[in-house]
>>> print(open('query-v5.txt').read())   # compact mmCIF, C-alpha atoms
# COMPACT_ATOMS: atom_id res chain seq x y z
CA MET A 1 112.03 91.67 84.59
CA SER A 2 110.19 89.44 87.03
CA TYR A 3 109.37 85.84 86.24
CA SER A 4 108.02 84.98 89.66
CA MET A 5 104.37 85.00 88.65
CA SER A 6 105.16 83.75 86.52
CA ARG A 7 99.79 82.02 71.10
CA ARG A 8 100.81 74.76 63.25
CA GLN A 9 99.35 72.14 65.05
CA PHE A 10 100.70 69.17 66.99
CA VAL A 11 99.75 66.65 69.60
CA GLY A 12 101.15 66.96 73.12
CA ILE A 13 102.17 63.60 74.51
CA ALA A 14 102.58 62.79 78.16
CA SER A 15 106.16 61.60 77.67
CA GLY A 16 107.15 65.15 76.79
CA THR A 17 109.15 64.14 73.73
CA LEU A 18 107.61 67.00 71.78
CA ALA A 19 109.51 69.62 73.70
CA ALA A 20 112.72 67.62 73.53
CA THR A 21 112.74 66.93 69.82
CA GLY A 22 111.33 70.25 68.58
CA LEU A 23 109.19 68.33 66.13
CA ALA A 24 107.95 70.49 63.25
CA LEU A 25 104.29 70.04 62.53
CA ALA A 26 102.23 71.22 59.62
CA GLY A 27 98.72 72.53 59.43
CA CYS A 28 96.90 75.38 61.08
CA GLY A 29 93.31 75.96 62.07
CA SER A 30 90.88 74.88 64.69
CA SER A 31 89.57 71.37 65.03
CA GLN A 32 87.06 69.91 67.45
CA SER A 33 88.60 67.94 70.31
CA SER A 34 87.52 64.39 71.02
CA SER A 35 84.60 64.25 73.43
CA SER A 36 85.21 60.65 74.47
CA SER A 37 86.05 60.10 78.12
CA ASP A 38 89.41 58.79 79.30
CA SER A 39 88.51 57.53 82.73
CA SER A 40 91.70 55.48 83.05
CA SER A 41 93.76 58.67 83.10
CA GLY A 42 91.32 60.70 85.19
CA PHE A 43 90.69 63.23 82.42
CA SER A 44 87.28 63.89 80.86
CA LYS A 45 88.74 63.83 77.32
CA SER A 46 91.31 61.65 75.64
CA SER A 47 92.77 64.78 74.03
CA TYR A 48 92.11 68.49 74.50
CA THR A 49 92.20 71.19 71.83
CA VAL A 50 94.29 74.17 72.90
CA ALA A 51 94.22 77.32 70.74
CA THR A 52 97.11 79.74 70.49
CA ASP A 53 98.45 82.70 68.53
CA THR A 54 100.48 82.48 65.31
CA THR A 55 103.27 84.98 65.96
CA PHE A 56 103.85 86.30 69.47
CA ALA A 57 107.54 85.70 70.05
CA PRO A 58 109.01 84.69 72.41
CA PHE A 59 105.80 83.02 73.64
CA GLU A 60 104.79 81.34 70.37
CA PHE A 61 106.45 81.58 66.97
CA THR A 62 108.03 79.54 64.19
CA ASP A 63 111.81 79.27 64.44
CA ALA A 64 114.37 79.22 61.61
CA SER A 65 113.98 75.44 61.26
CA GLY A 66 110.20 75.67 60.85
CA ASN A 67 109.40 74.41 64.35
CA PHE A 68 106.59 76.03 66.35
CA VAL A 69 108.25 77.03 69.62
CA GLY A 70 108.12 79.52 72.48
CA ILE A 71 107.60 79.94 76.21
CA ASP A 72 103.88 79.09 76.05
CA VAL A 73 104.52 76.11 73.79
CA ASP A 74 107.18 74.67 76.08
CA ILE A 75 105.26 75.32 79.31
CA LEU A 76 102.20 73.55 77.91
CA ALA A 77 104.29 70.59 76.74
CA LYS A 78 105.98 70.29 80.10
CA ALA A 79 102.72 70.50 82.02
CA ALA A 80 101.33 67.70 79.84
CA GLU A 81 104.43 65.61 80.44
CA LEU A 82 104.21 66.04 84.19
CA THR A 83 100.47 65.42 84.61
CA GLY A 84 99.55 63.12 81.72
CA PHE A 85 97.00 65.04 79.67
CA LYS A 86 97.16 64.96 75.89
CA TYR A 87 96.39 67.89 73.65
CA GLU A 88 96.35 69.26 70.12
CA LEU A 89 97.70 72.79 69.71
CA ASN A 90 96.05 74.93 67.03
CA SER A 91 97.79 78.12 65.91
CA LEU A 92 94.98 80.49 64.93
CA GLY A 93 95.90 84.05 65.92
CA PHE A 94 94.94 85.57 69.25
CA ASP A 95 91.46 86.89 68.41
CA ALA A 96 90.57 83.69 66.54
CA ALA A 97 91.88 81.57 69.41
CA VAL A 98 89.56 83.29 71.87
CA ALA A 99 86.66 82.97 69.40
CA ALA A 100 87.39 79.23 69.08
CA LEU A 101 87.25 78.86 72.86
CA GLU A 102 83.94 80.69 73.10
CA SER A 103 82.39 78.63 70.28
CA ASN A 104 83.50 75.31 71.81
CA GLN A 105 85.96 74.68 68.99
CA ALA A 106 88.75 74.75 71.55
CA ASP A 107 88.95 73.62 75.15
CA ALA A 108 91.56 76.15 76.27
CA VAL A 109 93.76 79.03 75.17
CA ILE A 110 97.42 79.67 75.87
CA ALA A 111 98.48 82.79 73.99
CA GLY A 112 100.10 85.33 76.25
CA MET A 113 96.58 86.03 77.48
CA SER A 114 96.43 88.71 80.16
CA ILE A 115 94.39 87.89 83.25
CA THR A 116 91.98 90.80 83.78
CA ASP A 117 88.88 91.30 85.91
CA ALA A 118 86.75 91.67 82.78
CA ARG A 119 88.03 88.39 81.33
CA LYS A 120 87.47 86.59 84.62
CA GLN A 121 83.75 87.11 84.08
CA LYS A 122 83.88 84.75 81.08
CA TYR A 123 86.94 82.54 81.61
CA ASP A 124 88.63 80.59 84.37
CA PHE A 125 92.37 81.19 84.44
CA SER A 126 95.26 79.13 85.67
CA ASP A 127 97.73 80.42 88.18
CA PRO A 128 99.74 83.21 86.51
CA TYR A 129 102.80 81.98 84.63
CA TYR A 130 104.38 85.28 83.52
CA ASP A 131 104.21 88.96 84.52
CA SER A 132 103.88 91.45 81.67
CA TYR A 133 103.03 95.08 80.90
CA VAL A 134 102.35 97.27 77.84
CA CYS A 135 104.78 99.49 75.97
CA MET A 136 104.64 101.74 72.89
CA ALA A 137 107.24 101.35 70.14
CA VAL A 138 108.14 103.38 67.06
CA LYS A 139 110.43 102.92 64.08
CA ALA A 140 114.04 103.25 65.19
CA GLY A 141 115.11 106.86 64.74
CA SER A 142 111.56 108.21 64.69
CA SER A 143 110.87 111.70 66.01
CA ILE A 144 107.97 110.28 68.07
CA SER A 145 109.15 110.29 71.68
CA GLY A 146 105.88 110.11 73.62
CA TYR A 147 102.10 110.26 73.54
CA GLU A 148 102.11 114.03 73.01
CA ASP A 149 103.60 113.48 69.54
CA LEU A 150 100.69 111.31 68.39
CA ASN A 151 98.03 113.97 67.82
CA GLY A 152 96.34 113.52 64.43
CA LYS A 153 98.40 110.44 63.61
CA THR A 154 97.57 106.74 63.21
CA VAL A 155 98.74 104.18 65.76
CA ALA A 156 98.63 100.37 65.42
CA ALA A 157 97.29 97.84 67.92
CA LYS A 158 96.63 94.12 67.95
CA THR A 159 92.99 93.07 68.10
CA GLY A 160 91.74 91.85 71.46
CA THR A 161 94.96 92.46 73.39
CA MET A 162 95.91 94.46 76.45
CA GLY A 163 97.97 96.69 74.15
CA ALA A 164 94.82 97.56 72.23
CA THR A 165 92.97 98.30 75.48
CA CYS A 166 95.77 100.60 76.57
CA ALA A 167 95.84 102.42 73.20
CA GLU A 168 92.06 102.83 73.20
CA SER A 169 92.16 104.43 76.64
CA LEU A 170 94.82 106.94 75.56
CA ALA A 171 93.46 107.84 72.10
CA PRO A 172 90.84 110.40 73.22
CA LYS A 173 93.31 112.30 75.40
CA TYR A 174 96.15 112.41 72.85
CA GLY A 175 94.08 112.67 69.67
CA PHE A 176 95.39 109.72 67.67
CA MET A 177 93.53 107.23 65.47
CA LEU A 178 93.82 103.47 65.74
CA THR A 179 94.24 100.75 63.14
CA TYR A 180 94.01 97.08 64.15
CA PHE A 181 95.91 93.94 63.16
CA ASP A 182 95.55 90.25 63.96
CA ASP A 183 99.27 89.52 63.71
CA SER A 184 102.15 91.21 65.55
CA SER A 185 104.64 90.96 62.67
CA ILE A 186 102.22 92.65 60.25
CA MET A 187 101.55 95.35 62.84
CA TYR A 188 105.29 96.00 63.16
CA GLN A 189 105.62 96.21 59.37
CA ASP A 190 102.88 98.82 59.26
CA VAL A 191 104.98 100.98 61.56
CA LEU A 192 108.16 100.39 59.56
CA THR A 193 106.45 101.42 56.32
CA GLY A 194 105.09 104.59 57.94
CA ASN A 195 101.38 103.80 57.66
CA SER A 196 101.31 103.95 61.46
CA VAL A 197 103.72 105.99 63.55
CA ALA A 198 103.70 103.68 66.57
CA CYS A 199 102.28 100.46 67.95
CA PHE A 200 101.28 99.15 71.37
CA GLU A 201 102.58 95.73 72.41
CA ASP A 202 103.40 93.64 75.47
CA TYR A 203 106.84 94.64 76.71
CA PRO A 204 108.55 91.20 76.72
CA VAL A 205 107.34 90.56 73.17
CA MET A 206 108.56 93.92 71.89
CA SER A 207 111.81 93.68 73.81
CA TYR A 208 112.50 90.24 72.31
CA GLY A 209 111.60 91.47 68.81
CA ILE A 210 114.03 94.37 69.11
CA THR A 211 116.85 92.00 70.03
CA GLN A 212 115.97 90.03 66.89
CA GLY A 213 116.28 93.17 64.75
CA ASN A 214 112.66 94.12 64.11
CA GLY A 215 113.67 97.76 63.47
CA LEU A 216 111.63 99.30 66.29
CA GLN A 217 112.44 101.03 69.55
CA ILE A 218 110.48 101.37 72.78
CA VAL A 219 109.58 104.93 73.81
CA THR A 220 107.00 104.46 76.61
CA GLU A 221 106.19 101.81 79.22
CA GLU A 222 102.90 101.35 81.10
CA LYS A 223 103.91 99.40 84.18
CA ASP A 224 101.06 100.40 86.48
CA ASP A 225 97.57 100.36 84.98
CA TYR A 226 98.52 97.86 82.25
CA SER A 227 100.68 95.46 84.20
CA THR A 228 98.99 92.06 84.05
CA PRO A 229 100.07 88.42 84.36
CA TYR A 230 99.51 85.82 81.65
CA GLY A 231 97.34 82.77 82.24
CA PHE A 232 96.09 79.56 80.62
CA ALA A 233 92.33 79.97 80.08
CA VAL A 234 89.21 77.80 79.80
CA MET A 235 85.57 78.83 79.61
CA LYS A 236 84.09 79.52 83.00
CA GLY A 237 83.05 76.31 84.72
CA LYS A 238 84.36 74.05 81.92
CA ASN A 239 87.38 71.74 81.60
CA GLN A 240 88.31 72.16 85.24
CA ASP A 241 90.27 68.89 85.13
CA LEU A 242 92.51 70.32 82.42
CA LEU A 243 92.90 73.59 84.33
CA SER A 244 93.84 71.74 87.52
CA ALA A 245 96.37 69.61 85.64
CA PHE A 246 97.97 72.69 84.10
CA ASN A 247 98.27 74.31 87.54
CA GLU A 248 99.76 71.14 88.98
CA GLY A 249 102.29 70.93 86.16
CA LEU A 250 103.18 74.61 86.48
CA SER A 251 103.79 74.25 90.22
CA LYS A 252 105.99 71.19 89.70
CA MET A 253 108.10 72.83 86.98
CA LYS A 254 108.64 75.91 89.15
CA ASP A 255 109.77 73.74 92.05
CA SER A 256 112.12 71.71 89.84
CA GLY A 257 113.67 74.66 88.02
CA ASP A 258 112.21 73.60 84.67
CA TYR A 259 110.12 76.77 84.53
CA ASP A 260 113.15 79.03 84.85
CA ALA A 261 114.98 76.97 82.24
CA ILE A 262 112.12 77.44 79.77
CA VAL A 263 111.92 81.20 80.30
CA ASN A 264 115.68 81.68 80.20
CA LYS A 265 115.85 79.68 76.96
CA TYR A 266 114.01 82.53 75.25
CA LEU A 267 114.59 85.54 77.54
CA LYS A 268 117.98 85.87 79.12
CA GLY A 269 118.94 88.50 81.64
>>> encode(input="query-v5.txt", output="C-alpha cells")
Amino acid sequence: MSYSMSRRQFVGIASGTLAATGLALAGCGSSQSSSSSDSSSGFSKSSYTVATDTTFAPFEFTDASGNFVGIDVDILAKAAELTGFKYELNSLGFDAAVAALESNQADAVIAGMSITDARKQKYDFSDPYYDSYVCMAVKAGSSISGYEDLNGKTVAAKTGTMGATCAESLAPKYGFMLTYFDDSSIMYQDVLTGNSVACFEDYPVMSYGITQGNGLQIVTEEKDDYSTPYGFAVMKGKNQDLLSAFNEGLSKMKDSGDYDAIVNKYLKG
C-alpha cells in the first residue's frame, strides 16, 4: 500500500498536546466557528470548525478508552501544532460533515474525503495525504465471490462516498439493488445479518476492519477507475489561510518523518 501521496468534539491547540495526551472529549454535532479575526497569528479566525466522520477507522474512530483517534485526527492535530491554527473538530458523519461545510456551519472537512474532479468544482482541496481505492466485501464464508453473483440481490453503500459511486456505476450492469447507510459500522452489520449480501468501502478502511475482526472478507478491488487520494477540503475560494496552513504542516510532517509515524501507528506493513 502506498502512503506517498499521501471523519466528539475537541479543540486543537497549537502546542499539539491533544495528540500526545489522547484527551477524550464529549459532545458531537456541528457548531459555528468564531468569526473574529486573529491578526496576531496571521489567521482570519481565532478558531476554525472542522467537520469529520463518526466511524471510519483507521482514519477517525473512538478507541477502547473512549478517545476519538485516527490518521485524520492525528494529521490535523500535528498540522495545527506545526503552523499555529486552532480548531474545533465536530464528529458528524460523512454526509452531514459535507452538508455542514456547504451551509457554512463548518470551515473545513477532514473525513477520508476522496479528491475527485466533480468535487473540485465545489471545494478546494489540500495536497493529497493518503492514496486509497474501493473494494467490495462480503460476510466471511459467503458464496458471493464477484459482481456476477449479485444479480437480484441487495448491496450496501455509504452515502456520499466513493464506494457508493462505484456501486452505483456497477448496479445496472450486474443487476443488484442498493441500500444506503450513514455509518460504516452499521453498514457492515447489515451485511453480517444478511440484509445485504455485500458492501462497498475504501480498501484501507475495510482492510483495517478485517484485522479488527469485523467478520467480513474482501472479494474485489477497484484500483483503477476508483483509485483516489484523500484531501482536507474547504469551500471553493474560502478559508485559504487554513488550507495553506494545513498544506504547510503536511509538508513539514512528511519531511520530519512524523507523517509516516502517524500512518504506521494505525496501519502497519
>>> residues_around(input="query-v5.txt", residues="region 136-147 of chain A", least_positions_apart="3", cutoff="6 Å", atoms="only C-alpha atoms", output="PDB file with C-alpha atoms, in the frame of the given file")
ATOM      1  CA  LEU A 150     100.690 111.310  68.390  1.00  0.00           C
ATOM      2  CA  LEU A 192     108.160 100.390  59.560  1.00  0.00           C
ATOM      3  CA  ALA A 198     103.700 103.680  66.570  1.00  0.00           C
ATOM      4  CA  CYS A 199     102.280 100.460  67.950  1.00  0.00           C
ATOM      5  CA  PHE A 200     101.280  99.150  71.370  1.00  0.00           C
ATOM      6  CA  GLY A 215     113.670  97.760  63.470  1.00  0.00           C
ATOM      7  CA  LEU A 216     111.630  99.300  66.290  1.00  0.00           C
ATOM      8  CA  GLN A 217     112.440 101.030  69.550  1.00  0.00           C
ATOM      9  CA  ILE A 218     110.480 101.370  72.780  1.00  0.00           C
ATOM     10  CA  VAL A 219     109.580 104.930  73.810  1.00  0.00           C
ATOM     11  CA  THR A 220     107.000 104.460  76.610  1.00  0.00           C
TER      12      THR A 220
END
>>> closest_residue(input="query-v5.txt", among="A:Asp63, A:Glu88, A:Glu81, A:Glu221", to="Glu201 (chain A)", atoms="all atoms listed in the file")
A:Glu221
>>> closest_residue(input="query-v5.txt", among="A:Leu92, A:Leu243, A:Ile210, A:Val197", to="Thr179 (chain A)", atoms="only C-alpha atoms")
A:Val197
>>> residues_around(input="query-v5.txt", residues="region 261-263 of chain A", least_positions_apart="4", cutoff="10 Å", atoms="all atoms listed in the file", output="list in words")
Tyr3, Ser6, Pro58, Phe59, Gly70, Ile71, Asp72, Val73, Asp74, Ile75, Lys78, Tyr130, Met253, Lys254, Ser256, Gly257, Leu267 and Lys268 of chain A
>>> write_last_selection(input="query-v5.txt", atoms="C-alpha atoms", output="mmCIF file, in the frame of the given file")
data_model
loop_
_atom_site.group_PDB
_atom_site.id
_atom_site.type_symbol
_atom_site.label_atom_id
_atom_site.label_comp_id
_atom_site.auth_asym_id
_atom_site.auth_seq_id
_atom_site.Cartn_x
_atom_site.Cartn_y
_atom_site.Cartn_z
ATOM 1 C CA TYR A 3 109.370 85.840 86.240
ATOM 2 C CA SER A 6 105.160 83.750 86.520
ATOM 3 C CA PRO A 58 109.010 84.690 72.410
ATOM 4 C CA PHE A 59 105.800 83.020 73.640
ATOM 5 C CA GLY A 70 108.120 79.520 72.480
ATOM 6 C CA ILE A 71 107.600 79.940 76.210
ATOM 7 C CA ASP A 72 103.880 79.090 76.050
ATOM 8 C CA VAL A 73 104.520 76.110 73.790
ATOM 9 C CA ASP A 74 107.180 74.670 76.080
ATOM 10 C CA ILE A 75 105.260 75.320 79.310
ATOM 11 C CA LYS A 78 105.980 70.290 80.100
ATOM 12 C CA TYR A 130 104.380 85.280 83.520
ATOM 13 C CA MET A 253 108.100 72.830 86.980
ATOM 14 C CA LYS A 254 108.640 75.910 89.150
ATOM 15 C CA SER A 256 112.120 71.710 89.840
ATOM 16 C CA GLY A 257 113.670 74.660 88.020
ATOM 17 C CA LEU A 267 114.590 85.540 77.540
ATOM 18 C CA LYS A 268 117.980 85.870 79.120
#
>>> closest_residue(input="query-v5.txt", among="A:Asp202, A:Asp95, A:Asp127, A:Asp117", to="Gly160 (chain A)", atoms="all atoms listed in the file")
A:Asp95
>>> atom_distance(input="query-v5.txt", atom1="CA of Ser91 (chain A)", atom2="CA of Asp131 (chain A)")
22.5 Å
>>> residues_around(input="query-v5.txt", residues="region 102-115 of chain A", least_positions_apart="5", cutoff="9 Å", atoms="only C-alpha atoms", output="PyMOL selection string")
chain A and resi 7+30-33+48-54+56+59-60+72-73+76+90+93-94+97+120+122+125+128+130-132+161-162+202+227-235+238-239+242-243
>>> closest_residue(input="query-v5.txt", among="A:Thr165, A:Asn264, A:Asn195, A:Ser65", to="Glu222 (chain A)", atoms="only C-alpha atoms")
A:Thr165
>>> axis_aligned_box(input="query-v5.txt", around="region 235-252 of chain A", padding_each_side="6 Å", output="AutoDock Vina command-line options")
--center_x 94.5 --center_y 74.2 --center_z 84.9 --size_x 34.9 --size_y 22.6 --size_z 22.6
>>> atom_distance(input="query-v5.txt", atom1="CA of Gln121 (chain A)", atom2="CA of Gln240 (chain A)")
15.7 Å
>>> residues_around(input="query-v5.txt", residues="Thr154 (chain A)", least_positions_apart="3", cutoff="6 Å", atoms="all atoms listed in the file", output="list in words")
Phe176, Met177, Leu178 and Ser196 of chain A
>>> atom_distance(input="query-v5.txt", atom1="CA of Leu89 (chain A)", atom2="CA of Phe68 (chain A)")
10.0 Å
